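Novice: Starting off with a structure, shown below.
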Amino acid sequence: MIEITPTLSLDENEITFDFVQASGPGGQNVNKVATAVQLRFDAANSPHLPAAVKARLRSLAGRRMTDAGMLLIEAKQSRSQLQNRQDALDQLIDLIRRATLRPKTRRKTKPSRAAQEARLQAKRRRSQTKRDRRSGVE
């Protein structure tokens with residue numbers, strides 16, 4: 001089991017890793033060794049994720065999640081397959097951790113009576129200034 005939070009963990013069987021050839025530097029190895037990692041996680045059908053977390057995960061993942069709910073994370077920073085695998089797993093854990101956090105509900109606020117009165121006083125002063133600039137004859 002992969003622990004995400006103290007109350008949430010995932011089964012390793014839900015995650016699949018595919019290894020592909022990475023682009024970029026790697027010397028003679030780059031064309032021989034598949035070091036880039038593609039992590040696939042079926043978030044839509046995961047029994048361990050609550051519905052609210054799945055919904056937030058979909059919005060956080062953006063283009064990394066398919067319409068079917070399959071999350072695809074690609075890691076190719078390192079030349080090491082093992083390090084890329086761990087990096088992809090860390091990205092998944094971080095993404096799910098962020099999805100578990102409930103956003104704060106917005107509470108409506110109202111300006112204080114003093115603030116409202118100050119605003120109206122400023123409007124009156126500005127109005128008076130403009131009135132004083134006008135000439136008496138038009």
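By convention here, the chains of the structure tokens are called A, B, ... in the order presented, each chain's residues are numbered starting at 1, and ligands are numbered starting at 1 in the order presented.
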Quick one: residues within 6 Å of region 97-114 of chain A, only C-alpha atoms counted, chain neighbours fewer than 3 positions away excluded, as a list in words?
Specialist: Val53, Arg56, Leu57, Asp94 and Glu117 of chain A
Novice: Given the choices A:Arg119, A:Ser127, A:Ala36, A:Ser135, which gets closest to Gln83 (chain A) if the distance is worked out from only C-alpha atoms?
Specialist: A:Ala36
Novice: Quote the spacing between CA of Arg58 (chain A) and CA of Val20 (chain A) in Å to one decimal place.
Specialist: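 Interatomic distance, CA of Arg58 (chain A) to CA of Val20 (chain A): 25.1 Å.
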Novice: Skipping near chain neighbours, those fewer than 3 positions away, what residues fall within 8 Å of Gln38 (chain A) using only C-alpha atoms, listed as number ranges by chain?
Specialist: A: 17-20, 72-75, 88
Novice: Could you check the closest approach to Asp67 (chain A) for each of A:Lys54, A:Gln116, A:Ala44, A:Leu89 and tell me which residue wins, using only C-alpha atoms?
Specialist: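 Among the listed residues, A:Ala44 lies closest to Asp67 (chain A).
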Novice: Would you mind reading off the distance between CA of Gln86 (chain A) and CA of Thr7 (chain A), one decimal, in Å?
Specialist: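 Result for CA of Gln86 (chain A) versus CA of Thr7 (chain A): 21.9 Å, one decimal.
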Novice: At what distance in Å, to one decimal, does CA of Thr35 (chain A) lie from CA of Thr5 (chain A)?
Specialist: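 Here the two named atoms are 29.0 Å from each other.
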Novice: Would you mind writing down, as a ChimeraX atom specification, each residue of chain A that DSSP on the backbone assigns to alpha helix (DSSP H)?
Specialist: /A:51-61,81-100,113-133
Novice: List the neighbours of Met70 (chain A) out to 8 Å using only C-alpha atoms; skip same-chain residues closer than 5 positions along the sequence, and give me the result as a PDB file with N, CA and C atoms, in the first residue's frame.
Specialist:
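Below is the file that was written, selection28.pdb:
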```pdb
ATOM      1  N   ARG A  40       0.502   5.232 -15.017  1.00  0.00           N
ATOM      2  CA  ARG A  40      -0.935   5.269 -15.302  1.00  0.00           C
ATOM      3  C   ARG A  40      -1.700   4.869 -14.045  1.00  0.00           C
ATOM      4  N   PHE A  41      -2.701   5.685 -13.718  1.00  0.00           N
ATOM      5  CA  PHE A  41      -3.526   5.435 -12.540  1.00  0.00           C
ATOM      6  C   PHE A  41      -4.981   5.695 -12.918  1.00  0.00           C
ATOM      7  N   ASP A  42      -5.815   4.663 -12.782  1.00  0.00           N
ATOM      8  CA  ASP A  42      -7.230   4.789 -13.127  1.00  0.00           C
ATOM      9  C   ASP A  42      -7.963   5.413 -11.944  1.00  0.00           C
ATOM     10  N   ALA A  43      -7.976   6.737 -11.910  1.00  0.00           N
ATOM     11  CA  ALA A  43      -8.563   7.467 -10.776  1.00  0.00           C
ATOM     12  C   ALA A  43     -10.074   7.309 -10.736  1.00  0.00           C
ATOM     13  N   ALA A  44     -10.704   7.243 -11.896  1.00  0.00           N
ATOM     14  CA  ALA A  44     -12.171   7.171 -11.947  1.00  0.00           C
ATOM     15  C   ALA A  44     -12.691   5.879 -11.327  1.00  0.00           C
ATOM     16  N   MET A  65      -5.180  14.030 -17.300  1.00  0.00           N
ATOM     17  CA  MET A  65      -6.229  13.032 -17.090  1.00  0.00           C
ATOM     18  C   MET A  65      -7.076  12.920 -18.355  1.00  0.00           C
TER      19      MET A  65
END
```
Novice: Running DSSP on the backbone, which parts of region 5-114 of chain A land in strand (DSSP E or B), as a VMD selection string?
Specialist: chain A and resid 5 8 to 10 15 to 20 36 to 42 65 70 to 75
Novice: Would you please work out which residue, of A:Leu49, A:Ala34, A:Leu8, A:Leu39, is nearest to Leu71 (chain A) when using only C-alpha atoms?
Specialist: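 Comparing A:Leu49, A:Ala34, A:Leu8, A:Leu39 against Leu71 (chain A), the winner is A:Leu39.
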Novice: Kindly indicate which residue among A:Ser59, A:Asn45, A:Val37, A:Ser23 lies nearest to Ile96 (chain A), using only C-alpha atoms for the distances.
Specialist: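 Ranking A:Ser59, A:Asn45, A:Val37, A:Ser23 by distance to Ile96 (chain A), first place goes to A:Ser59.
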